[in-house]
>>> print(open('coords.cif').read())   # mmCIF, C-alpha atoms
data_coords
loop_
_atom_site.group_PDB
_atom_site.id
_atom_site.type_symbol
_atom_site.label_atom_id
_atom_site.label_comp_id
_atom_site.auth_asym_id
_atom_site.auth_seq_id
_atom_site.Cartn_x
_atom_site.Cartn_y
_atom_site.Cartn_z
ATOM 1 C CA MET G 1 -22.705 -54.174 -34.282
ATOM 2 C CA LYS G 2 -19.637 -53.819 -36.468
ATOM 3 C CA ILE G 3 -19.115 -52.951 -40.114
ATOM 4 C CA ILE G 4 -19.497 -55.990 -42.352
ATOM 5 C CA PHE G 5 -18.127 -56.272 -45.911
ATOM 6 C CA GLU G 6 -20.237 -58.200 -48.414
ATOM 7 C CA LYS G 7 -18.840 -61.144 -50.355
ATOM 8 C CA ARG G 8 -17.919 -60.438 -53.985
ATOM 9 C CA LYS G 9 -20.395 -62.493 -55.999
ATOM 10 C CA SER G 10 -20.701 -60.952 -59.465
ATOM 11 C CA ILE G 11 -19.384 -58.094 -61.581
ATOM 12 C CA LYS G 12 -22.866 -56.585 -61.627
ATOM 13 C CA GLN G 13 -23.039 -56.626 -57.825
ATOM 14 C CA VAL G 14 -19.565 -55.077 -57.484
ATOM 15 C CA GLU G 15 -19.970 -52.368 -60.148
ATOM 16 C CA GLU G 16 -23.645 -51.522 -60.335
ATOM 17 C CA SER G 17 -25.170 -52.178 -56.927
ATOM 18 C CA SER G 18 -25.052 -50.552 -53.511
ATOM 19 C CA SER G 19 -23.360 -53.615 -52.034
ATOM 20 C CA PHE G 20 -20.098 -52.721 -50.270
ATOM 21 C CA ALA G 21 -17.666 -55.499 -51.209
ATOM 22 C CA PRO G 22 -14.111 -54.103 -51.195
ATOM 23 C CA LYS G 23 -11.271 -56.097 -52.689
ATOM 24 C CA PHE G 24 -7.992 -56.457 -50.806
ATOM 25 C CA ASP G 25 -4.853 -57.603 -52.638
ATOM 26 C CA LYS G 26 -2.886 -60.718 -51.743
ATOM 27 C CA ASN G 27 -1.166 -58.759 -48.969
ATOM 28 C CA GLY G 28 -4.586 -57.857 -47.569
ATOM 29 C CA LEU G 29 -4.303 -54.218 -48.646
ATOM 30 C CA ILE G 30 -6.389 -51.735 -50.638
ATOM 31 C CA PRO G 31 -4.892 -48.497 -52.042
ATOM 32 C CA VAL G 32 -6.280 -45.213 -50.724
ATOM 33 C CA VAL G 33 -6.199 -41.777 -52.352
ATOM 34 C CA THR G 34 -6.631 -38.911 -49.905
ATOM 35 C CA SER G 35 -7.785 -35.481 -51.027
ATOM 36 C CA ASP G 36 -8.712 -32.218 -49.374
ATOM 37 C CA TYR G 37 -12.512 -32.142 -49.022
ATOM 38 C CA LYS G 38 -12.738 -28.473 -49.950
ATOM 39 C CA THR G 39 -10.133 -27.885 -52.672
ATOM 40 C CA GLY G 40 -9.967 -31.445 -54.062
ATOM 41 C CA GLU G 41 -6.152 -31.274 -53.862
ATOM 42 C CA ILE G 42 -4.618 -34.730 -53.688
ATOM 43 C CA LEU G 43 -2.688 -34.970 -50.452
ATOM 44 C CA MET G 44 -1.343 -38.516 -50.330
ATOM 45 C CA HIS G 45 -1.614 -42.121 -51.461
ATOM 46 C CA GLY G 46 -1.576 -44.903 -48.894
ATOM 47 C CA TYR G 47 -2.953 -48.320 -48.056
ATOM 48 C CA MET G 48 -5.486 -49.807 -45.658
ATOM 49 C CA ASN G 49 -6.103 -53.332 -44.541
ATOM 50 C CA SER G 50 -9.569 -54.564 -43.643
ATOM 51 C CA TYR G 51 -9.241 -53.395 -40.030
ATOM 52 C CA ALA G 52 -8.006 -49.917 -41.026
ATOM 53 C CA LEU G 53 -10.854 -49.414 -43.501
ATOM 54 C CA LYS G 54 -13.502 -50.405 -40.960
ATOM 55 C CA LYS G 55 -11.847 -48.299 -38.250
ATOM 56 C CA SER G 56 -11.587 -45.226 -40.524
ATOM 57 C CA ILE G 57 -15.299 -45.369 -41.354
ATOM 58 C CA GLU G 58 -16.186 -45.952 -37.708
ATOM 59 C CA ILE G 59 -14.145 -43.135 -36.148
ATOM 60 C CA LYS G 60 -14.274 -40.806 -39.196
ATOM 61 C CA GLN G 61 -10.510 -40.324 -39.104
ATOM 62 C CA ALA G 62 -8.003 -41.781 -41.553
ATOM 63 C CA VAL G 63 -6.376 -44.963 -40.269
ATOM 64 C CA TYR G 64 -3.926 -46.541 -42.722
ATOM 65 C CA PHE G 65 -1.701 -49.594 -42.782
ATOM 66 C CA SER G 66 1.956 -48.591 -42.988
ATOM 67 C CA ARG G 67 3.770 -50.948 -45.333
ATOM 68 C CA SER G 68 7.202 -49.733 -44.222
ATOM 69 C CA ARG G 69 6.432 -50.057 -40.509
ATOM 70 C CA LYS G 70 4.131 -53.059 -41.067
ATOM 71 C CA LYS G 71 1.496 -51.800 -38.681
ATOM 72 C CA ILE G 72 -1.721 -49.863 -38.289
ATOM 73 C CA TRP G 73 -1.077 -46.166 -38.599
ATOM 74 C CA HIS G 74 -3.579 -43.698 -37.175
ATOM 75 C CA LYS G 75 -2.532 -40.694 -39.245
ATOM 76 C CA GLY G 76 -1.715 -37.699 -37.074
ATOM 77 C CA LYS G 77 -1.230 -39.610 -33.813
ATOM 78 C CA THR G 78 2.438 -38.542 -33.722
ATOM 79 C CA SER G 79 2.397 -35.338 -35.767
ATOM 80 C CA GLY G 80 -0.999 -34.023 -34.702
ATOM 81 C CA PHE G 81 -2.048 -33.803 -38.365
ATOM 82 C CA ILE G 82 -5.222 -35.874 -37.957
ATOM 83 C CA GLN G 83 -7.287 -36.351 -41.134
ATOM 84 C CA LYS G 84 -10.987 -35.894 -40.366
ATOM 85 C CA ILE G 85 -13.020 -37.820 -42.909
ATOM 86 C CA LYS G 86 -15.773 -35.884 -44.628
ATOM 87 C CA GLU G 87 -16.557 -38.448 -47.314
ATOM 88 C CA VAL G 88 -15.411 -41.890 -48.445
ATOM 89 C CA ARG G 89 -15.816 -43.125 -52.009
ATOM 90 C CA ILE G 90 -15.130 -46.506 -53.580
ATOM 91 C CA ASP G 91 -14.265 -47.110 -57.219
ATOM 92 C CA ASP G 92 -16.033 -49.186 -59.878
ATOM 93 C CA ASP G 93 -14.458 -52.568 -59.113
ATOM 94 C CA GLN G 94 -14.113 -51.674 -55.411
ATOM 95 C CA ASP G 95 -10.347 -52.102 -55.205
ATOM 96 C CA CYS G 96 -9.524 -48.476 -54.381
ATOM 97 C CA VAL G 97 -10.768 -46.052 -51.734
ATOM 98 C CA LEU G 98 -10.979 -42.260 -52.004
ATOM 99 C CA LEU G 99 -11.012 -40.195 -48.821
ATOM 100 C CA LYS G 100 -12.084 -36.563 -48.728
ATOM 101 C CA VAL G 101 -10.617 -35.135 -45.547
ATOM 102 C CA LYS G 102 -10.057 -32.038 -43.476
ATOM 103 C CA VAL G 103 -6.462 -32.007 -42.267
ATOM 104 C CA VAL G 104 -5.893 -30.667 -38.762
ATOM 105 C CA GLY G 105 -2.792 -28.457 -38.976
ATOM 106 C CA GLY G 106 -2.760 -28.418 -42.754
ATOM 107 C CA ALA G 107 0.008 -30.926 -43.565
ATOM 108 C CA SER G 108 -0.198 -34.478 -44.873
ATOM 109 C CA CYS G 109 3.344 -35.197 -45.956
ATOM 110 C CA HIS G 110 6.051 -36.468 -43.600
ATOM 111 C CA VAL G 111 8.636 -34.362 -45.474
ATOM 112 C CA GLY G 112 6.829 -31.235 -44.267
ATOM 113 C CA TYR G 113 4.737 -30.186 -47.243
ATOM 114 C CA ARG G 114 0.974 -29.831 -47.379
ATOM 115 C CA SER G 115 0.652 -32.512 -50.074
ATOM 116 C CA CYS G 116 3.015 -35.403 -50.844
ATOM 117 C CA PHE G 117 2.843 -34.425 -54.527
ATOM 118 C CA TYR G 118 5.030 -31.326 -54.270
ATOM 119 C CA ARG G 119 7.132 -32.057 -57.359
ATOM 120 C CA SER G 120 6.243 -32.011 -61.032
ATOM 121 C CA ILE G 121 7.796 -34.134 -63.778
ATOM 122 C CA PRO G 122 8.709 -32.071 -66.880
ATOM 123 C CA LEU G 123 6.810 -33.036 -70.031
ATOM 124 C CA ASN G 124 9.125 -31.694 -72.682
ATOM 125 C CA SER G 125 12.462 -33.235 -71.749
ATOM 126 C CA LEU G 126 14.306 -36.460 -72.415
ATOM 127 C CA GLY G 127 17.276 -38.123 -70.725
ATOM 128 C CA LYS G 128 17.505 -37.559 -66.981
ATOM 129 C CA LEU G 129 14.476 -35.451 -66.078
ATOM 130 C CA LYS G 130 14.723 -32.686 -63.471
ATOM 131 C CA LEU G 131 11.780 -32.529 -61.083
ATOM 132 C CA LYS G 132 10.317 -29.088 -60.409
ATOM 133 C CA PHE G 133 9.300 -28.074 -56.896
ATOM 134 C CA LYS G 134 5.715 -26.779 -57.010
ATOM 135 C CA ASP G 135 5.346 -26.268 -53.269
ATOM 136 C CA LYS G 136 8.328 -24.321 -52.164
ATOM 137 C CA LYS G 137 7.501 -23.815 -48.530
ATOM 138 C CA LYS G 138 7.170 -26.549 -45.948
ATOM 139 C CA VAL G 139 4.239 -26.323 -43.537
ATOM 140 C CA PHE G 140 6.277 -27.807 -40.690
ATOM 141 C CA ASP G 141 9.787 -28.930 -39.793
ATOM 142 C CA PRO G 142 9.858 -32.764 -39.707
ATOM 143 C CA LYS G 143 12.864 -32.769 -37.371
ATOM 144 C CA LYS G 144 10.822 -30.972 -34.728
ATOM 145 C CA VAL G 145 7.662 -33.036 -35.205
ATOM 146 C CA TYR G 146 9.040 -36.564 -35.626
ATOM 147 C CA ILE G 147 11.571 -36.680 -32.805
ATOM 148 C CA ASN G 148 13.557 -39.942 -32.739
ATOM 149 C CA GLN G 149 11.333 -41.461 -35.444
ATOM 150 C CA LYS G 150 12.761 -43.300 -38.403
ATOM 151 C CA ASN G 151 11.933 -41.880 -41.828
ATOM 152 C CA PRO G 152 9.352 -44.252 -43.403
ATOM 153 C CA THR G 153 10.739 -43.897 -46.941
ATOM 154 C CA LYS G 154 12.332 -47.065 -48.312
ATOM 155 C CA LEU G 155 14.902 -47.003 -51.083
ATOM 156 C CA MET F 1 17.556 -39.909 -76.526
ATOM 157 C CA LYS F 2 15.093 -41.619 -74.228
ATOM 158 C CA ILE F 3 13.833 -40.874 -70.734
ATOM 159 C CA ILE F 4 16.193 -42.215 -68.068
ATOM 160 C CA PHE F 5 15.251 -42.866 -64.438
ATOM 161 C CA GLU F 6 17.908 -42.165 -61.828
ATOM 162 C CA LYS F 7 19.035 -44.810 -59.341
ATOM 163 C CA ARG F 8 17.656 -44.472 -55.815
ATOM 164 C CA LYS F 9 20.682 -43.667 -53.689
ATOM 165 C CA SER F 10 19.511 -41.886 -50.539
ATOM 166 C CA ILE F 11 16.347 -40.706 -48.815
ATOM 167 C CA LYS F 12 17.499 -37.116 -49.235
ATOM 168 C CA GLN F 13 17.928 -37.595 -52.983
ATOM 169 C CA VAL F 14 14.491 -39.240 -53.320
ATOM 170 C CA GLU F 15 12.550 -36.776 -51.141
ATOM 171 C CA GLU F 16 14.346 -33.464 -51.328
ATOM 172 C CA SER F 17 16.078 -33.267 -54.701
ATOM 173 C CA SER F 18 15.023 -32.827 -58.304
ATOM 174 C CA SER F 19 16.306 -36.308 -59.161
ATOM 175 C CA PHE F 20 13.598 -38.433 -60.815
ATOM 176 C CA ALA F 21 13.991 -41.899 -59.305
ATOM 177 C CA PRO F 22 10.606 -43.645 -59.284
ATOM 178 C CA LYS F 23 10.105 -46.843 -57.315
ATOM 179 C CA PHE F 24 8.345 -49.802 -58.883
ATOM 180 C CA ASP F 25 6.998 -52.613 -56.690
ATOM 181 C CA LYS F 26 8.082 -56.235 -56.954
ATOM 182 C CA ASN F 27 5.673 -56.676 -59.866
ATOM 183 C CA GLY F 28 7.353 -53.755 -61.622
ATOM 184 C CA LEU F 29 4.384 -51.440 -61.112
ATOM 185 C CA ILE F 30 3.769 -47.976 -59.667
ATOM 186 C CA PRO F 31 0.260 -46.768 -58.683
ATOM 187 C CA VAL F 32 -1.174 -43.811 -60.577
ATOM 188 C CA VAL F 33 -3.914 -41.412 -59.494
ATOM 189 C CA THR F 34 -5.590 -39.609 -62.365
ATOM 190 C CA SER F 35 -7.468 -36.353 -61.871
ATOM 191 C CA ASP F 36 -9.177 -33.798 -64.071
ATOM 192 C CA TYR F 37 -6.699 -30.965 -64.685
ATOM 193 C CA LYS F 38 -9.362 -28.283 -64.345
ATOM 194 C CA THR F 39 -11.697 -29.439 -61.586
ATOM 195 C CA GLY F 40 -9.242 -31.647 -59.660
ATOM 196 C CA GLU F 41 -11.885 -34.414 -59.611
ATOM 197 C CA ILE F 42 -10.313 -37.825 -59.143
ATOM 198 C CA LEU F 43 -11.170 -39.919 -62.166
ATOM 199 C CA MET F 44 -9.426 -43.243 -61.669
ATOM 200 C CA HIS F 45 -6.634 -45.195 -59.995
ATOM 201 C CA GLY F 46 -4.384 -47.404 -62.098
ATOM 202 C CA TYR F 47 -0.867 -48.737 -62.492
ATOM 203 C CA MET F 48 2.082 -48.163 -64.810
ATOM 204 C CA ASN F 49 5.207 -50.161 -65.407
ATOM 205 C CA SER F 50 8.482 -48.515 -66.353
ATOM 206 C CA TYR F 51 7.641 -48.558 -70.064
ATOM 207 C CA ALA F 52 4.157 -47.076 -69.533
ATOM 208 C CA LEU F 53 5.496 -44.239 -67.367
ATOM 209 C CA LYS F 54 8.153 -43.284 -69.906
ATOM 210 C CA LYS F 55 5.677 -43.581 -72.781
ATOM 211 C CA SER F 56 3.056 -41.441 -71.004
ATOM 212 C CA ILE F 57 5.562 -38.632 -70.420
ATOM 213 C CA GLU F 58 6.810 -38.913 -73.973
ATOM 214 C CA ILE F 59 3.482 -38.845 -75.817
ATOM 215 C CA LYS F 60 1.620 -36.782 -73.154
ATOM 216 C CA GLN F 61 -1.219 -39.274 -73.067
ATOM 217 C CA ALA F 62 -1.973 -41.732 -70.267
ATOM 218 C CA VAL F 63 -0.582 -45.195 -70.924
ATOM 219 C CA TYR F 64 -1.186 -47.675 -68.096
ATOM 220 C CA PHE F 65 -0.389 -51.300 -67.414
ATOM 221 C CA SER F 66 -3.572 -53.344 -67.107
ATOM 222 C CA ARG F 67 -3.172 -55.858 -64.298
ATOM 223 C CA SER F 68 -6.264 -57.812 -65.342
ATOM 224 C CA ARG F 69 -5.267 -58.027 -69.005
ATOM 225 C CA LYS F 70 -1.546 -58.169 -68.141
ATOM 226 C CA LYS F 71 -0.565 -55.743 -70.872
ATOM 227 C CA ILE F 72 0.151 -52.150 -71.786
ATOM 228 C CA TRP F 73 -3.068 -50.182 -72.017
ATOM 229 C CA HIS F 74 -3.167 -46.943 -73.966
ATOM 230 C CA LYS F 75 -6.241 -45.475 -72.320
ATOM 231 C CA GLY F 76 -8.871 -44.479 -74.867
ATOM 232 C CA LYS F 77 -7.542 -46.583 -77.746
ATOM 233 C CA THR F 78 -10.750 -48.640 -77.735
ATOM 234 C CA SER F 79 -13.257 -46.230 -76.225
ATOM 235 C CA GLY F 80 -11.925 -42.999 -77.710
ATOM 236 C CA PHE F 81 -11.628 -41.504 -74.219
ATOM 237 C CA ILE F 82 -7.968 -40.536 -74.506
ATOM 238 C CA GLN F 83 -6.465 -38.811 -71.457
ATOM 239 C CA LYS F 84 -4.307 -35.876 -72.533
ATOM 240 C CA ILE F 85 -1.691 -35.208 -69.880
ATOM 241 C CA LYS F 86 -1.437 -31.618 -68.675
ATOM 242 C CA GLU F 87 0.808 -32.287 -65.683
ATOM 243 C CA VAL F 88 2.534 -35.200 -63.964
ATOM 244 C CA ARG F 89 3.490 -35.151 -60.285
ATOM 245 C CA ILE F 90 5.442 -37.610 -58.177
ATOM 246 C CA ASP F 91 5.076 -38.081 -54.436
ATOM 247 C CA ASP F 92 7.597 -37.696 -51.617
ATOM 248 C CA ASP F 93 9.138 -41.185 -51.742
ATOM 249 C CA GLN F 94 8.510 -41.423 -55.501
ATOM 250 C CA ASP F 95 6.347 -44.546 -55.386
ATOM 251 C CA CYS F 96 3.149 -42.943 -56.690
ATOM 252 C CA VAL F 97 2.347 -40.851 -59.769
ATOM 253 C CA LEU F 98 -0.364 -38.210 -60.097
ATOM 254 C CA LEU F 99 -1.668 -37.332 -63.553
ATOM 255 C CA LYS F 100 -3.661 -34.201 -64.276
ATOM 256 C CA VAL F 101 -5.492 -34.857 -67.525
ATOM 257 C CA LYS F 102 -8.033 -33.595 -69.982
ATOM 258 C CA VAL F 103 -10.344 -36.444 -70.940
ATOM 259 C CA VAL F 104 -11.461 -36.535 -74.552
ATOM 260 C CA GLY F 105 -15.181 -37.395 -74.479
ATOM 261 C CA GLY F 106 -15.492 -36.810 -70.758
ATOM 262 C CA ALA F 107 -15.507 -40.373 -69.402
ATOM 263 C CA SER F 108 -12.811 -42.321 -67.552
ATOM 264 C CA CYS F 109 -14.693 -45.273 -66.128
ATOM 265 C CA HIS F 110 -15.397 -48.471 -68.073
ATOM 266 C CA VAL F 111 -18.795 -48.752 -66.367
ATOM 267 C CA GLY F 112 -19.831 -45.564 -68.184
ATOM 268 C CA TYR F 113 -19.454 -42.873 -65.545
ATOM 269 C CA ARG F 114 -17.234 -39.804 -65.723
ATOM 270 C CA SER F 115 -15.211 -40.889 -62.673
ATOM 271 C CA CYS F 116 -14.662 -44.403 -61.310
ATOM 272 C CA PHE F 117 -15.524 -43.073 -57.846
ATOM 273 C CA TYR F 118 -19.263 -42.740 -58.423
ATOM 274 C CA ARG F 119 -20.340 -44.301 -55.124
ATOM 275 C CA SER F 120 -20.040 -43.043 -51.569
ATOM 276 C CA ILE F 121 -19.666 -45.157 -48.424
ATOM 277 C CA PRO F 122 -22.023 -44.014 -45.638
ATOM 278 C CA LEU F 123 -20.257 -42.750 -42.514
ATOM 279 C CA ASN F 124 -22.992 -43.191 -39.940
ATOM 280 C CA SER F 125 -23.987 -46.819 -40.384
ATOM 281 C CA LEU F 126 -22.841 -50.181 -39.109
ATOM 282 C CA GLY F 127 -23.428 -53.751 -40.317
ATOM 283 C CA LYS F 128 -23.750 -54.133 -44.070
ATOM 284 C CA LEU F 129 -23.254 -50.643 -45.495
ATOM 285 C CA LYS F 130 -25.307 -49.449 -48.466
ATOM 286 C CA LEU F 131 -23.312 -47.498 -51.045
ATOM 287 C CA LYS F 132 -24.886 -44.293 -52.340
ATOM 288 C CA PHE F 133 -24.714 -43.420 -56.045
ATOM 289 C CA LYS F 134 -23.324 -39.883 -56.370
ATOM 290 C CA ASP F 135 -23.194 -39.860 -60.164
ATOM 291 C CA LYS F 136 -26.561 -40.990 -61.331
ATOM 292 C CA LYS F 137 -26.129 -40.607 -65.054
ATOM 293 C CA LYS F 138 -23.690 -42.532 -67.215
ATOM 294 C CA VAL F 139 -21.750 -40.569 -69.827
ATOM 295 C CA PHE F 140 -21.786 -43.491 -72.264
ATOM 296 C CA ASP F 141 -23.218 -46.977 -72.719
ATOM 297 C CA PRO F 142 -20.401 -49.522 -72.208
ATOM 298 C CA LYS F 143 -22.237 -52.128 -74.289
ATOM 299 C CA LYS F 144 -22.038 -49.850 -77.321
ATOM 300 C CA VAL F 145 -18.416 -48.760 -76.754
ATOM 301 C CA TYR F 146 -16.750 -52.016 -75.697
ATOM 302 C CA ILE F 147 -18.132 -54.411 -78.288
ATOM 303 C CA ASN F 148 -17.010 -58.014 -77.742
ATOM 304 C CA GLN F 149 -14.593 -56.923 -75.005
ATOM 305 C CA LYS F 150 -14.368 -58.709 -71.680
ATOM 306 C CA ASN F 151 -15.116 -56.642 -68.586
ATOM 307 C CA PRO F 152 -11.749 -56.025 -66.842
ATOM 308 C CA THR F 153 -13.171 -56.270 -63.317
ATOM 309 C CA LYS F 154 -11.952 -59.294 -61.356
ATOM 310 C CA LEU F 155 -13.909 -60.755 -58.452
#
>>> encode(input="coords.cif", output="structure tokens")
Amino acid sequence: MKIIFEKRKSIKQVEESSSFAPKFDKNGLIPVVTSDYKTGEILMHGYMNSYALKKSIEIKQAVYFSRSRKKIWHKGKTSGFIQKIKEVRIDDDQDCVLLKVKVVGGASCHVGYRSCFYRSIPLNSLGKLKLKFKDKKKVFDPKKVYINQKNPTKL
Amino acid sequence: MKIIFEKRKSIKQVEESSSFAPKFDKNGLIPVVTSDYKTGEILMHGYMNSYALKKSIEIKQAVYFSRSRKKIWHKGKTSGFIQKIKEVRIDDDQDCVLLKVKVVGGASCHVGYRSCFYRSIPLNSLGKLKLKFKDKKKVFDPKKVYINQKNPTKL
């Protein structure tokens, strides 16, 4: 037997019941927030399609859909930084997923940092704002881990 | 003087510099993850357009763009549950914002719960999954707070 999503029938069903009826956008994607299961630190923000969501729940490892590469992306397959899922949550209108994970190797960001959110936006400036680096040390060297791989960031 | 976003010129600039060059999608939106500044608990997932992001930084309160209502949404204006911004972070490729906030009144979810992520998806089941309620008590009664307002959830 496979995982089956319920049809979205009413607001009450979606918000107040135990019926699992996730909503995918017109590209077939649902946003995913990934946090460290112990510290709660937010590690990254990605997307899943229907297949990736079912697969993640089934194998208890984060499987995303890469929008830049346009394909299923089993996080950690290349880098070794597998995300073991400890808990999955869904939000009120079921159009966003929250993963609580244990990261093998301790890094989630392709730039080399533990979290993708390594820079802070100043709150008391105007004009061109200068981002502040909050994580100063990289956990790994991307050049050594992603050999011959294109950087996924799009301008 | 107003807040000015930089142009996105190179991957190095976007990922490794202090240049603030956020990326908005083709609808002009950027996803936003909002967490409690003290506990790290993830409260909600929303969107901002360029105006909302600048405004939020400027007034240090969360201002989103409501996709269902198709307008700027100063969180808490109706309910009183203003989100005071303590920190703003941006991710590696600058296409996602993280807010760390203090919530006036303690609720962030229009259904009445503290966090929108009040239900957990079981990890050891197949077929039709049954969501588990993790927050059992609502912080407020939506019927009393949102009088004559349409529920924003879309099926």
>>> residues_around(input="coords.cif", residues="range 139-150 of chain F", least_positions_apart="6", cutoff="10 Å", atoms="all atoms listed in the file", output="list in words")
Arg69, Thr78, Ser79, Gly80, Gly105, Gly106, Ala107, Ser108, Cys109, His110, Val111, Gly112, Tyr113, Arg114 and Ser115 of chain F
>>> closest_residue(input="coords.cif", among="F:Asn27, F:Ser35, F:Asn49, F:Thr153", to="chain G", atoms="all atoms listed in the file")
F:Thr153
>>> closest_atom_pairs(input="coords.cif", of="chain G", to="chain F", cutoff="7 Å", atoms="all atoms listed in the file", output="CSV")
residue,atom,partner,partner_atom,distance
G:Met1,CA,F:Gly127,CA,6.1
G:Lys2,CA,F:Gly127,CA,5.4
G:Ile3,CA,F:Gly127,CA,4.4
G:Ile4,CA,F:Lys128,CA,4.9
G:Phe5,CA,F:Lys128,CA,6.3
G:Glu6,CA,F:Lys128,CA,6.9
G:Arg8,CA,F:Leu155,CA,6.0
G:Ser10,CA,F:Leu155,CA,6.9
G:Ile11,CA,F:Thr153,CA,6.7
G:Ser18,CA,F:Leu131,CA,4.3
G:Ser19,CA,F:Lys130,CA,5.8
G:Phe20,CA,F:Leu129,CA,6.1
G:Gly40,CA,F:Gly40,CA,5.6
G:Glu41,CA,F:Gly40,CA,6.6
G:Ile57,CA,F:Leu123,CA,5.7
G:Val88,CA,F:Ile121,CA,5.4
G:Arg89,CA,F:Ser120,CA,4.2
G:Ile90,CA,F:Phe117,CA,5.5
G:Asp91,CA,F:Phe117,CA,4.3
G:Asp92,CA,F:Cys116,CA,5.2
G:Asp93,CA,F:Thr153,CA,5.7
G:Cys116,CA,F:Asp91,CA,4.9
G:Phe117,CA,F:Asp91,CA,4.3
G:Tyr118,CA,F:Asp91,CA,6.8
G:Arg119,CA,F:Arg89,CA,5.6
G:Ser120,CA,F:Arg89,CA,4.2
G:Ile121,CA,F:Val88,CA,5.4
G:Leu123,CA,F:Ile57,CA,5.7
G:Leu126,CA,F:Ile3,CA,4.7
G:Gly127,CA,F:Ile3,CA,4.4
G:Lys128,CA,F:Ile4,CA,5.0
G:Leu129,CA,F:Phe20,CA,6.1
G:Lys130,CA,F:Ser18,CA,5.2
G:Leu131,CA,F:Ser18,CA,4.3
G:Lys132,CA,F:Ser18,CA,6.4
G:Thr153,CA,F:Asp93,CA,5.7
G:Leu155,CA,F:Arg8,CA,6.0
>>> axis_aligned_box(input="coords.cif", around="range 137-141 of chain F", padding_each_side="5 Å", output="AutoDock Vina command-line options")
--center_x -23.9 --center_y -43.8 --center_z -68.9 --size_x 14.4 --size_y 16.4 --size_z 17.7
>>> atom_distance(input="coords.cif", atom1="CA of Lys75 in chain G", atom2="CA of Lys55 in chain G")
12.1 Å
>>> atom_distance(input="coords.cif", atom1="CA of Ile82 in chain F", atom2="CA of Lys137 in chain F")
20.5 Å
>>> atom_distance(input="coords.cif", atom1="CA of Gln61 in chain F", atom2="CA of Thr34 in chain G")
23.8 Å
>>> build_atoms(input="coords.cif", residues="range 17-28 of chain G", atoms="N, CA and C atoms", output="compact mmCIF listing (two decimals), keeping the file's coordinate frame")
# COMPACT_ATOMS: atom_id res chain seq x y z
N SER G 17 -24.23 -52.14 -58.05
CA SER G 17 -25.17 -52.18 -56.93
C SER G 17 -24.67 -51.34 -55.76
N SER G 18 -25.44 -51.30 -54.71
CA SER G 18 -25.05 -50.55 -53.51
C SER G 18 -24.37 -51.46 -52.48
N SER G 19 -24.03 -52.65 -52.90
CA SER G 19 -23.36 -53.62 -52.03
C SER G 19 -21.89 -53.22 -51.83
N PHE G 20 -21.47 -53.15 -50.60
CA PHE G 20 -20.10 -52.72 -50.27
C PHE G 20 -19.22 -53.97 -50.11
N ALA G 21 -18.45 -54.27 -51.17
CA ALA G 21 -17.67 -55.50 -51.21
C ALA G 21 -16.24 -55.18 -51.65
N PRO G 22 -15.46 -54.52 -50.79
CA PRO G 22 -14.11 -54.10 -51.20
C PRO G 22 -13.19 -55.28 -51.44
N LYS G 23 -12.23 -55.05 -52.35
CA LYS G 23 -11.27 -56.10 -52.69
C LYS G 23 -9.90 -55.73 -52.11
N PHE G 24 -9.34 -56.64 -51.35
CA PHE G 24 -7.99 -56.46 -50.81
C PHE G 24 -7.04 -57.33 -51.62
N ASP G 25 -5.81 -56.84 -51.82
CA ASP G 25 -4.85 -57.60 -52.64
C ASP G 25 -4.29 -58.78 -51.83
N LYS G 26 -3.35 -59.50 -52.42
CA LYS G 26 -2.89 -60.72 -51.74
C LYS G 26 -2.13 -60.43 -50.45
N ASN G 27 -1.75 -59.15 -50.25
CA ASN G 27 -1.17 -58.76 -48.97
C ASN G 27 -2.23 -58.24 -48.00
N GLY G 28 -3.49 -58.32 -48.43
CA GLY G 28 -4.59 -57.86 -47.57
C GLY G 28 -4.77 -56.35 -47.57
